[in-house]
Amino acid sequence: MKIENRFLKYISFNTQSDPYSTTSPSSKNQLELAEFLIEEMRILGLENVHMSEFGVIYGTIPSNNNHQGDVIGLIAHMDTSPDASGENVHPQIIRNYDGSRISLNEDMVLDPQEFPDLNEVIGHDIITTDGTTLLGADDKAGIAIIMSLAEYMYKHPEFKHNDIQIAFTPDEEIGMGTEHFDVERFGADYAYTVDGNTEGEIQYENFNAAKAEYVVKGFNVHPGSSKDTMINASLVAMEINNCLPAMEIPRETENYEGFYHLISMSGDVAEAHLNYIIRDHDASLFEAKKATLCHIEKIMNEKWGAGTVQLTITDQYRNMAEIIKKCMFLIENAVKACKNTNIPPLILPIRGGTDGCMLSYMGLPCPNLGTGGHAYHGPYEHITIEGMDKTVDMLVELVKTFSKPIIN
């Protein structure tokens, strides 16, 4: 099956995860795609195909190699972001893209000035949305790439390889993709998530991450008689935000630079809430950011009275570079695989996180690879068919490096 047909089939399933759900998977419709994938995996000759009670799919492309060495795993996630609708996706295919603006609908265009990646794919076939939903390339492109690799192995039994473990997870987009992942059951020595952007991306450095909430308790009295008594919680909340470095926000940072990101605020005179995410690649700078938040809490309570401001910081994930740097051959092998398929290797930091960062700390070193997609989580999402095809070729080369025991 052509990868574009496989991809288009997968995005027809609405698999939007639900951050407010208490179940796993968080949305039942993810199970519909899961059942479809299980059947396809069995048709392609995968063994031990099963789904856990939490919606994680496992399967094995069985070894045909007499000298079994290290076992590689490949992982993608089934859910799409809750930030935009994934229901009734209407994809458009722009054949032989000519470099011009792409009309999604009467009001929305993909402009190469705003999305410079388009300048690199002139002549390629691009799949876009119609501007009413996200596309679902994050990460159904990863699933399509891995399943196309499985089909390649099925059709080329002469290609000798070790066991290749496959897993598809639910709820990655809400930070729960590895919550119920059974590393021992998976049975791989090393793995790669296929969940990045441009084909050829190789990522093993991600943010250290935490979320933070300030709760401000005000003192609400009649404004006509509030001299030296009223404490307006909303104004204190604004004061808190103004204490943070103005340039350390997502809009003003790139590459390894961290940030404070105000994701929501609400309140009135009596009570206000500020919700942030904090990110930094450098562990010491990350801790410094958390210390800054704590210092603001201290100063506000000294100014407005004890108990006025309460801060809660919750760590989310850590930079997997700490783990991957102990097995850099994973990156070297990926670079070699890119070069063998004429894909420029792009070793870039992840300005976010993936299932791989959590899995790395669970004992499964797991860098991330690109898929050919861009502008994830919204209606401007797009991907090239050539990018997906090239990534399949790259994975074939990557598997070859694991066909013999690795000597470090």
# chains A, B, ... in the order shown; residues from 1 in each chain; ligands from 1
>>> residues_around(residues="range 196-213 of chain A", least_positions_apart="3", cutoff="6 Å", atoms="only C-alpha atoms", output="PyMOL selection string")
chain A and resi 274-281+311-321+343-350+352-353+367-374+387
>>> write_last_selection(atoms="N, CA and C atoms", output="JSON list (two decimals), in the first residue's frame")
[["chain", "number", "residue", "atom", "x", "y", "z"],
["A", 274, "LEU", "N", -3.03, 31.75, 38.16],
["A", 274, "LEU", "CA", -2.08, 31.83, 37.05],
["A", 274, "LEU", "C", -1.49, 30.45, 36.84],
["A", 275, "ASN", "N", -1.55, 29.95, 35.61],
["A", 275, "ASN", "CA", -1.00, 28.64, 35.29],
["A", 275, "ASN", "C", 0.11, 28.77, 34.26],
["A", 276, "TYR", "N", 1.27, 28.23, 34.58],
["A", 276, "TYR", "CA", 2.45, 28.32, 33.73],
["A", 276, "TYR", "C", 3.00, 26.94, 33.43],
["A", 277, "ILE", "N", 3.73, 26.84, 32.31],
["A", 277, "ILE", "CA", 4.68, 25.75, 32.13],
["A", 277, "ILE", "C", 6.07, 26.37, 32.07],
["A", 278, "ILE", "N", 7.04, 25.67, 32.64],
["A", 278, "ILE", "CA", 8.43, 26.14, 32.70],
["A", 278, "ILE", "C", 9.28, 25.13, 31.97],
["A", 279, "ARG", "N", 10.17, 25.63, 31.10],
["A", 279, "ARG", "CA", 10.98, 24.74, 30.28],
["A", 279, "ARG", "C", 12.42, 25.25, 30.20],
["A", 280, "ASP", "N", 13.39, 24.31, 30.25],
["A", 280, "ASP", "CA", 14.78, 24.63, 29.98],
["A", 280, "ASP", "C", 15.56, 23.34, 29.73],
["A", 281, "HIS", "N", 16.46, 23.36, 28.74],
["A", 281, "HIS", "CA", 17.30, 22.19, 28.48],
["A", 281, "HIS", "C", 18.35, 22.00, 29.57],
["A", 311, "LEU", "N", 2.05, 28.99, 45.79],
["A", 311, "LEU", "CA", 2.62, 28.45, 44.55],
["A", 311, "LEU", "C", 2.74, 26.94, 44.66],
["A", 312, "THR", "N", 2.32, 26.24, 43.60],
["A", 312, "THR", "CA", 2.52, 24.80, 43.50],
["A", 312, "THR", "C", 3.28, 24.49, 42.22],
["A", 313, "ILE", "N", 4.44, 23.83, 42.34],
["A", 313, "ILE", "CA", 5.25, 23.44, 41.18],
["A", 313, "ILE", "C", 5.24, 21.92, 41.08],
["A", 314, "THR", "N", 4.95, 21.42, 39.88],
["A", 314, "THR", "CA", 4.91, 19.98, 39.66],
["A", 314, "THR", "C", 5.86, 19.63, 38.52],
["A", 315, "ASP", "N", 6.90, 18.85, 38.81],
["A", 315, "ASP", "CA", 7.81, 18.41, 37.75],
["A", 315, "ASP", "C", 7.09, 17.47, 36.80],
["A", 316, "GLN", "N", 7.41, 17.57, 35.50],
["A", 316, "GLN", "CA", 6.74, 16.77, 34.48],
["A", 316, "GLN", "C", 7.67, 15.76, 33.81],
["A", 317, "TYR", "N", 8.80, 16.21, 33.29],
["A", 317, "TYR", "CA", 9.76, 15.28, 32.69],
["A", 317, "TYR", "C", 11.13, 15.92, 32.65],
["A", 318, "ARG", "N", 12.14, 15.08, 32.36],
["A", 318, "ARG", "CA", 13.53, 15.52, 32.37],
["A", 318, "ARG", "C", 14.16, 15.37, 30.99],
["A", 319, "ASN", "N", 15.28, 16.02, 30.81],
["A", 319, "ASN", "CA", 16.03, 15.97, 29.55],
["A", 319, "ASN", "C", 16.64, 14.59, 29.36],
["A", 320, "MET", "N", 16.24, 13.90, 28.29],
["A", 320, "MET", "CA", 16.74, 12.53, 28.08],
["A", 320, "MET", "C", 18.20, 12.48, 27.67],
["A", 321, "ALA", "N", 18.82, 13.63, 27.38],
["A", 321, "ALA", "CA", 20.23, 13.64, 26.99],
["A", 321, "ALA", "C", 21.10, 12.98, 28.06],
["A", 343, "ILE", "N", 19.51, 11.70, 2.98],
["A", 343, "ILE", "CA", 18.73, 12.63, 3.79],
["A", 343, "ILE", "C", 19.70, 13.41, 4.67],
["A", 344, "PRO", "N", 19.71, 14.72, 4.60],
["A", 344, "PRO", "CA", 20.60, 15.49, 5.49],
["A", 344, "PRO", "C", 20.23, 15.25, 6.95],
["A", 345, "PRO", "N", 21.13, 14.72, 7.77],
["A", 345, "PRO", "CA", 20.81, 14.52, 9.18],
["A", 345, "PRO", "C", 20.74, 15.86, 9.91],
["A", 346, "LEU", "N", 19.71, 16.03, 10.72],
["A", 346, "LEU", "CA", 19.49, 17.27, 11.45],
["A", 346, "LEU", "C", 19.41, 16.94, 12.94],
["A", 347, "ILE", "N", 20.52, 17.13, 13.64],
["A", 347, "ILE", "CA", 20.53, 16.87, 15.07],
["A", 347, "ILE", "C", 20.09, 18.15, 15.78],
["A", 348, "LEU", "N", 18.87, 18.13, 16.27],
["A", 348, "LEU", "CA", 18.25, 19.33, 16.84],
["A", 348, "LEU", "C", 17.69, 19.04, 18.22],
["A", 349, "PRO", "N", 17.69, 20.04, 19.10],
["A", 349, "PRO", "CA", 17.02, 19.86, 20.39],
["A", 349, "PRO", "C", 15.51, 19.89, 20.20],
["A", 350, "ILE", "N", 14.81, 19.17, 21.04],
["A", 350, "ILE", "CA", 13.35, 19.19, 21.03],
["A", 350, "ILE", "C", 12.89, 20.32, 21.94],
["A", 352, "GLY", "N", 10.27, 20.72, 23.50],
["A", 352, "GLY", "CA", 9.10, 20.06, 24.07],
["A", 352, "GLY", "C", 9.55, 18.73, 24.63],
["A", 353, "GLY", "N", 8.65, 17.77, 24.61],
["A", 353, "GLY", "CA", 8.98, 16.43, 25.08],
["A", 353, "GLY", "C", 8.31, 15.38, 24.21],
["A", 367, "PRO", "N", 15.71, 7.94, 21.50],
["A", 367, "PRO", "CA", 15.71, 9.21, 20.77],
["A", 367, "PRO", "C", 14.48, 9.34, 19.87],
["A", 368, "ASN", "N", 14.35, 10.50, 19.26],
["A", 368, "ASN", "CA", 13.19, 10.80, 18.42],
["A", 368, "ASN", "C", 13.63, 11.08, 16.98],
["A", 369, "LEU", "N", 12.81, 10.66, 16.01],
["A", 369, "LEU", "CA", 13.10, 10.84, 14.59],
["A", 369, "LEU", "C", 11.99, 11.64, 13.91],
["A", 370, "GLY", "N", 12.36, 12.40, 12.87],
["A", 370, "GLY", "CA", 11.39, 13.21, 12.14],
["A", 370, "GLY", "C", 10.54, 12.39, 11.18],
["A", 371, "THR", "N", 9.44, 12.99, 10.72],
["A", 371, "THR", "CA", 8.50, 12.30, 9.83],
["A", 371, "THR", "C", 8.26, 13.04, 8.52],
["A", 372, "GLY", "N", 8.58, 14.34, 8.46],
["A", 372, "GLY", "CA", 8.27, 15.13, 7.27],
["A", 372, "GLY", "C", 7.13, 16.10, 7.46],
["A", 373, "GLY", "N", 6.62, 16.22, 8.71],
["A", 373, "GLY", "CA", 5.47, 17.08, 8.97],
["A", 373, "GLY", "C", 5.86, 18.39, 9.64],
["A", 374, "HIS", "N", 4.91, 19.34, 9.60],
["A", 374, "HIS", "CA", 5.15, 20.66, 10.20],
["A", 374, "HIS", "C", 3.84, 21.28, 10.69],
["A", 387, "GLY", "N", 8.54, 13.06, 2.27],
["A", 387, "GLY", "CA", 9.17, 13.03, 3.57],
["A", 387, "GLY", "C", 8.88, 11.73, 4.31]]
>>> closest_atom_pairs(of="range 11-51 of chain A", to="range 130-133 of chain A", cutoff="12 Å", atoms="only C-alpha atoms", output="tab-separated table")
residue	atom	partner	partner_atom	distance
A:Ile11	CA	A:Thr133	CA	11.0
A:Ser12	CA	A:Thr133	CA	11.7
A:Asn14	CA	A:Thr133	CA	10.6
A:Gln16	CA	A:Thr133	CA	11.1
>>> residues_around(residues="Pro19 in chain A", least_positions_apart="3", cutoff="10 Å", atoms="only C-alpha atoms", output="ChimeraX atom specification")
/A:16,22,26-27,81-82,171,173-176
>>> residues_around(residues="Phe219 in chain A", least_positions_apart="3", cutoff="9 Å", atoms="only C-alpha atoms", output="number ranges by chain")
A: 229-233, 269-271
>>> write_last_selection(atoms="all heavy atoms", output="mmCIF file, in the first residue's frame")
data_model
loop_
_atom_site.group_PDB
_atom_site.id
_atom_site.type_symbol
_atom_site.label_atom_id
_atom_site.label_comp_id
_atom_site.auth_asym_id
_atom_site.auth_seq_id
_atom_site.Cartn_x
_atom_site.Cartn_y
_atom_site.Cartn_z
ATOM 1 N N THR A 229 -7.166 48.687 52.587
ATOM 2 C CA THR A 229 -7.691 47.382 53.031
ATOM 3 C C THR A 229 -7.857 46.396 51.879
ATOM 4 O O THR A 229 -7.520 45.225 52.012
ATOM 5 C CB THR A 229 -9.048 47.552 53.743
ATOM 6 O OG1 THR A 229 -9.977 48.197 52.852
ATOM 7 C CG2 THR A 229 -8.903 48.340 55.033
ATOM 8 N N MET A 230 -8.399 46.861 50.748
ATOM 9 C CA MET A 230 -8.633 45.926 49.633
ATOM 10 C C MET A 230 -7.315 45.360 49.107
ATOM 11 O O MET A 230 -6.330 46.074 48.952
ATOM 12 C CB MET A 230 -9.377 46.610 48.486
ATOM 13 C CG MET A 230 -9.570 45.705 47.262
ATOM 14 S SD MET A 230 -10.327 46.535 45.841
ATOM 15 C CE MET A 230 -12.034 46.626 46.364
ATOM 16 N N ILE A 231 -7.348 44.048 48.824
ATOM 17 C CA ILE A 231 -6.282 43.390 48.058
ATOM 18 C C ILE A 231 -6.955 42.772 46.843
ATOM 19 O O ILE A 231 -7.736 41.814 46.978
ATOM 20 C CB ILE A 231 -5.557 42.312 48.883
ATOM 21 C CG1 ILE A 231 -4.917 42.914 50.129
ATOM 22 C CG2 ILE A 231 -4.490 41.614 48.022
ATOM 23 C CD1 ILE A 231 -4.290 41.885 51.059
ATOM 24 N N ASN A 232 -6.731 43.330 45.682
ATOM 25 C CA ASN A 232 -7.351 42.848 44.442
ATOM 26 C C ASN A 232 -6.518 41.691 43.903
ATOM 27 O O ASN A 232 -5.402 41.880 43.415
ATOM 28 C CB ASN A 232 -7.424 43.985 43.424
ATOM 29 C CG ASN A 232 -8.225 43.604 42.194
ATOM 30 O OD1 ASN A 232 -8.144 42.484 41.711
ATOM 31 N ND2 ASN A 232 -8.999 44.558 41.689
ATOM 32 N N ALA A 233 -7.066 40.487 44.001
ATOM 33 C CA ALA A 233 -6.316 39.288 43.618
ATOM 34 C C ALA A 233 -5.884 39.329 42.160
ATOM 35 O O ALA A 233 -4.778 38.889 41.813
ATOM 36 C CB ALA A 233 -7.161 38.042 43.885
ATOM 37 N N VAL A 269 -11.650 39.939 42.082
ATOM 38 C CA VAL A 269 -11.033 40.626 43.211
ATOM 39 C C VAL A 269 -10.689 39.639 44.329
ATOM 40 O O VAL A 269 -9.631 39.734 44.959
ATOM 41 C CB VAL A 269 -11.966 41.735 43.750
ATOM 42 C CG1 VAL A 269 -11.379 42.378 45.012
ATOM 43 C CG2 VAL A 269 -12.213 42.794 42.687
ATOM 44 N N ALA A 270 -11.547 38.662 44.543
ATOM 45 C CA ALA A 270 -11.382 37.757 45.687
ATOM 46 C C ALA A 270 -10.334 36.677 45.467
ATOM 47 O O ALA A 270 -9.625 36.289 46.405
ATOM 48 C CB ALA A 270 -12.715 37.122 46.033
ATOM 49 N N GLU A 271 -10.215 36.176 44.246
ATOM 50 C CA GLU A 271 -9.288 35.067 44.002
ATOM 51 C C GLU A 271 -8.870 35.048 42.538
ATOM 52 O O GLU A 271 -9.689 35.318 41.649
ATOM 53 C CB GLU A 271 -9.917 33.724 44.382
ATOM 54 C CG GLU A 271 -8.977 32.535 44.241
ATOM 55 C CD GLU A 271 -9.546 31.259 44.848
ATOM 56 O OE1 GLU A 271 -10.075 31.340 45.972
ATOM 57 O OE2 GLU A 271 -9.479 30.188 44.199
#
>>> select_by_dssp(residues="range 51-160 of chain A", states="strand (DSSP E)", output="mmCIF file with all heavy atoms, in the first residue's frame")
data_model
loop_
_atom_site.group_PDB
_atom_site.id
_atom_site.type_symbol
_atom_site.label_atom_id
_atom_site.label_comp_id
_atom_site.auth_asym_id
_atom_site.auth_seq_id
_atom_site.Cartn_x
_atom_site.Cartn_y
_atom_site.Cartn_z
ATOM 1 N N MET A 51 -3.160 -5.807 22.545
ATOM 2 C CA MET A 51 -3.372 -4.498 23.151
ATOM 3 C C MET A 51 -3.551 -4.674 24.649
ATOM 4 O O MET A 51 -4.299 -5.545 25.101
ATOM 5 C CB MET A 51 -4.601 -3.810 22.544
ATOM 6 C CG MET A 51 -4.903 -2.437 23.136
ATOM 7 S SD MET A 51 -6.138 -1.495 22.195
ATOM 8 C CE MET A 51 -7.549 -2.598 22.258
ATOM 9 N N ILE A 57 -0.622 -0.756 22.148
ATOM 10 C CA ILE A 57 -0.493 -1.870 21.205
ATOM 11 C C ILE A 57 0.971 -2.299 21.133
ATOM 12 O O ILE A 57 1.865 -1.466 21.013
ATOM 13 C CB ILE A 57 -0.957 -1.468 19.796
ATOM 14 C CG1 ILE A 57 -2.413 -1.002 19.810
ATOM 15 C CG2 ILE A 57 -0.783 -2.632 18.824
ATOM 16 C CD1 ILE A 57 -2.869 -0.460 18.480
ATOM 17 N N TYR A 58 1.189 -3.620 21.199
ATOM 18 C CA TYR A 58 2.531 -4.183 21.058
ATOM 19 C C TYR A 58 2.519 -5.210 19.931
ATOM 20 O O TYR A 58 1.507 -5.869 19.675
ATOM 21 C CB TYR A 58 2.975 -4.896 22.336
ATOM 22 C CG TYR A 58 2.978 -4.051 23.588
ATOM 23 C CD1 TYR A 58 1.867 -4.014 24.434
ATOM 24 C CD2 TYR A 58 4.101 -3.304 23.941
ATOM 25 C CE1 TYR A 58 1.877 -3.246 25.594
ATOM 26 C CE2 TYR A 58 4.118 -2.537 25.101
ATOM 27 C CZ TYR A 58 3.000 -2.517 25.926
ATOM 28 O OH TYR A 58 3.009 -1.766 27.073
ATOM 29 N N GLY A 59 3.650 -5.364 19.258
ATOM 30 C CA GLY A 59 3.803 -6.395 18.236
ATOM 31 C C GLY A 59 5.263 -6.561 17.870
ATOM 32 O O GLY A 59 6.087 -5.675 18.144
ATOM 33 N N THR A 60 5.587 -7.683 17.244
ATOM 34 C CA THR A 60 6.968 -7.993 16.888
ATOM 35 C C THR A 60 7.079 -8.354 15.421
ATOM 36 O O THR A 60 6.328 -9.216 14.935
ATOM 37 C CB THR A 60 7.497 -9.181 17.721
ATOM 38 O OG1 THR A 60 7.377 -8.891 19.104
ATOM 39 C CG2 THR A 60 8.953 -9.484 17.381
ATOM 40 N N ILE A 61 7.969 -7.679 14.695
ATOM 41 C CA ILE A 61 8.394 -8.164 13.382
ATOM 42 C C ILE A 61 9.477 -9.199 13.685
ATOM 43 O O ILE A 61 10.571 -8.846 14.132
ATOM 44 C CB ILE A 61 8.958 -7.032 12.512
ATOM 45 C CG1 ILE A 61 7.920 -5.918 12.339
ATOM 46 C CG2 ILE A 61 9.399 -7.569 11.148
ATOM 47 C CD1 ILE A 61 8.454 -4.693 11.592
ATOM 48 N N ILE A 72 15.857 -3.616 18.401
ATOM 49 C CA ILE A 72 15.426 -2.222 18.253
ATOM 50 C C ILE A 72 13.907 -2.151 18.362
ATOM 51 O O ILE A 72 13.190 -3.086 17.974
ATOM 52 C CB ILE A 72 15.903 -1.664 16.887
ATOM 53 C CG1 ILE A 72 15.628 -0.168 16.792
ATOM 54 C CG2 ILE A 72 15.251 -2.387 15.736
ATOM 55 C CD1 ILE A 72 16.169 0.464 15.520
ATOM 56 N N GLY A 73 13.426 -1.041 18.904
ATOM 57 C CA GLY A 73 11.994 -0.796 18.974
ATOM 58 C C GLY A 73 11.626 0.479 18.249
ATOM 59 O O GLY A 73 12.434 1.419 18.154
ATOM 60 N N LEU A 74 10.420 0.537 17.718
ATOM 61 C CA LEU A 74 9.904 1.728 17.036
ATOM 62 C C LEU A 74 8.540 2.056 17.625
ATOM 63 O O LEU A 74 7.685 1.170 17.750
ATOM 64 C CB LEU A 74 9.797 1.489 15.529
ATOM 65 C CG LEU A 74 11.120 1.195 14.808
ATOM 66 C CD1 LEU A 74 10.856 0.753 13.377
ATOM 67 C CD2 LEU A 74 12.029 2.421 14.832
ATOM 68 N N ILE A 75 8.338 3.328 17.957
ATOM 69 C CA ILE A 75 7.153 3.735 18.713
ATOM 70 C C ILE A 75 6.541 4.991 18.097
ATOM 71 O O ILE A 75 7.251 5.915 17.698
ATOM 72 C CB ILE A 75 7.522 4.017 20.184
ATOM 73 C CG1 ILE A 75 8.148 2.773 20.827
ATOM 74 C CG2 ILE A 75 6.305 4.479 20.986
ATOM 75 C CD1 ILE A 75 8.820 3.049 22.161
ATOM 76 N N ALA A 76 5.219 5.023 18.012
ATOM 77 C CA ALA A 76 4.484 6.223 17.606
ATOM 78 C C ALA A 76 3.220 6.297 18.455
ATOM 79 O O ALA A 76 2.848 5.321 19.115
ATOM 80 C CB ALA A 76 4.148 6.187 16.123
ATOM 81 N N HIS A 77 2.553 7.438 18.441
ATOM 82 C CA HIS A 77 1.335 7.552 19.250
ATOM 83 C C HIS A 77 0.098 7.754 18.390
ATOM 84 O O HIS A 77 0.154 8.348 17.304
ATOM 85 C CB HIS A 77 1.463 8.658 20.306
ATOM 86 C CG HIS A 77 1.601 10.054 19.778
ATOM 87 N ND1 HIS A 77 0.528 10.854 19.469
ATOM 88 C CD2 HIS A 77 2.707 10.817 19.541
ATOM 89 C CE1 HIS A 77 0.947 12.037 19.068
ATOM 90 N NE2 HIS A 77 2.269 12.046 19.090
ATOM 91 N N GLN A 92 -6.264 17.724 1.843
ATOM 92 C CA GLN A 92 -6.060 18.138 0.456
ATOM 93 C C GLN A 92 -4.640 17.734 0.048
ATOM 94 O O GLN A 92 -3.713 17.848 0.853
ATOM 95 C CB GLN A 92 -6.204 19.657 0.315
ATOM 96 C CG GLN A 92 -7.515 20.215 0.844
ATOM 97 C CD GLN A 92 -7.586 21.727 0.677
ATOM 98 O OE1 GLN A 92 -7.993 22.220 -0.376
ATOM 99 N NE2 GLN A 92 -7.193 22.466 1.692
ATOM 100 N N ILE A 93 -4.478 17.286 -1.173
ATOM 101 C CA ILE A 93 -3.151 16.930 -1.668
ATOM 102 C C ILE A 93 -2.767 17.900 -2.777
ATOM 103 O O ILE A 93 -3.470 18.021 -3.787
ATOM 104 C CB ILE A 93 -3.091 15.479 -2.188
ATOM 105 C CG1 ILE A 93 -3.494 14.501 -1.079
ATOM 106 C CG2 ILE A 93 -1.682 15.166 -2.685
ATOM 107 C CD1 ILE A 93 -3.456 13.043 -1.508
ATOM 108 N N ILE A 94 -1.675 18.610 -2.573
ATOM 109 C CA ILE A 94 -1.148 19.534 -3.577
ATOM 110 C C ILE A 94 -0.002 18.818 -4.274
ATOM 111 O O ILE A 94 1.065 18.616 -3.691
ATOM 112 C CB ILE A 94 -0.668 20.857 -2.947
ATOM 113 C CG1 ILE A 94 -1.856 21.651 -2.396
ATOM 114 C CG2 ILE A 94 0.060 21.711 -3.967
ATOM 115 C CD1 ILE A 94 -2.345 21.220 -1.054
ATOM 116 N N ILE A 102 -0.588 28.357 -0.473
ATOM 117 C CA ILE A 102 -1.560 27.272 -0.602
ATOM 118 C C ILE A 102 -2.843 27.690 0.092
ATOM 119 O O ILE A 102 -2.859 27.983 1.291
ATOM 120 C CB ILE A 102 -1.030 25.976 0.036
ATOM 121 C CG1 ILE A 102 0.253 25.520 -0.663
ATOM 122 C CG2 ILE A 102 -2.097 24.881 -0.024
ATOM 123 C CD1 ILE A 102 0.937 24.349 0.032
ATOM 124 N N SER A 103 -3.937 27.719 -0.655
ATOM 125 C CA SER A 103 -5.229 28.074 -0.086
ATOM 126 C C SER A 103 -5.834 26.866 0.618
ATOM 127 O O SER A 103 -6.035 25.812 0.007
ATOM 128 C CB SER A 103 -6.171 28.564 -1.187
ATOM 129 O OG SER A 103 -7.460 28.810 -0.659
ATOM 130 N N VAL A 109 -4.579 30.599 4.355
ATOM 131 C CA VAL A 109 -3.575 30.145 3.396
ATOM 132 C C VAL A 109 -2.326 29.700 4.136
ATOM 133 O O VAL A 109 -2.009 30.190 5.229
ATOM 134 C CB VAL A 109 -3.193 31.255 2.382
ATOM 135 C CG1 VAL A 109 -4.383 31.639 1.536
ATOM 136 C CG2 VAL A 109 -2.607 32.467 3.096
ATOM 137 N N LEU A 110 -1.620 28.752 3.534
ATOM 138 C CA LEU A 110 -0.277 28.389 3.970
ATOM 139 C C LEU A 110 0.681 29.238 3.159
ATOM 140 O O LEU A 110 0.791 29.085 1.945
ATOM 141 C CB LEU A 110 -0.008 26.901 3.695
ATOM 142 C CG LEU A 110 -0.391 25.876 4.753
ATOM 143 C CD1 LEU A 110 -0.148 24.467 4.210
ATOM 144 C CD2 LEU A 110 0.409 26.085 6.025
ATOM 145 N N ILE A 126 2.263 17.641 -1.190
ATOM 146 C CA ILE A 126 1.994 18.077 0.172
ATOM 147 C C ILE A 126 0.550 17.764 0.545
ATOM 148 O O ILE A 126 -0.371 18.030 -0.225
ATOM 149 C CB ILE A 126 2.242 19.587 0.324
ATOM 150 C CG1 ILE A 126 3.684 19.931 -0.051
ATOM 151 C CG2 ILE A 126 1.936 20.049 1.747
ATOM 152 C CD1 ILE A 126 3.976 21.425 -0.017
ATOM 153 N N ILE A 127 0.371 17.198 1.735
ATOM 154 C CA ILE A 127 -0.968 16.963 2.276
ATOM 155 C C ILE A 127 -1.245 18.033 3.325
ATOM 156 O O ILE A 127 -0.456 18.228 4.255
ATOM 157 C CB ILE A 127 -1.095 15.565 2.898
ATOM 158 C CG1 ILE A 127 -0.697 14.477 1.892
ATOM 159 C CG2 ILE A 127 -2.535 15.332 3.374
ATOM 160 C CD1 ILE A 127 -0.739 13.067 2.456
ATOM 161 N N THR A 128 -2.357 18.732 3.170
ATOM 162 C CA THR A 128 -2.759 19.783 4.108
ATOM 163 C C THR A 128 -4.167 19.490 4.627
ATOM 164 O O THR A 128 -4.839 18.547 4.190
ATOM 165 C CB THR A 128 -2.769 21.167 3.437
ATOM 166 O OG1 THR A 128 -3.938 21.279 2.596
ATOM 167 C CG2 THR A 128 -1.524 21.391 2.601
#
>>> closest_residue(among="A:His295, A:Tyr190, A:Ala167, A:Ile38", to="Met328 in chain A", atoms="only C-alpha atoms")
A:Tyr190
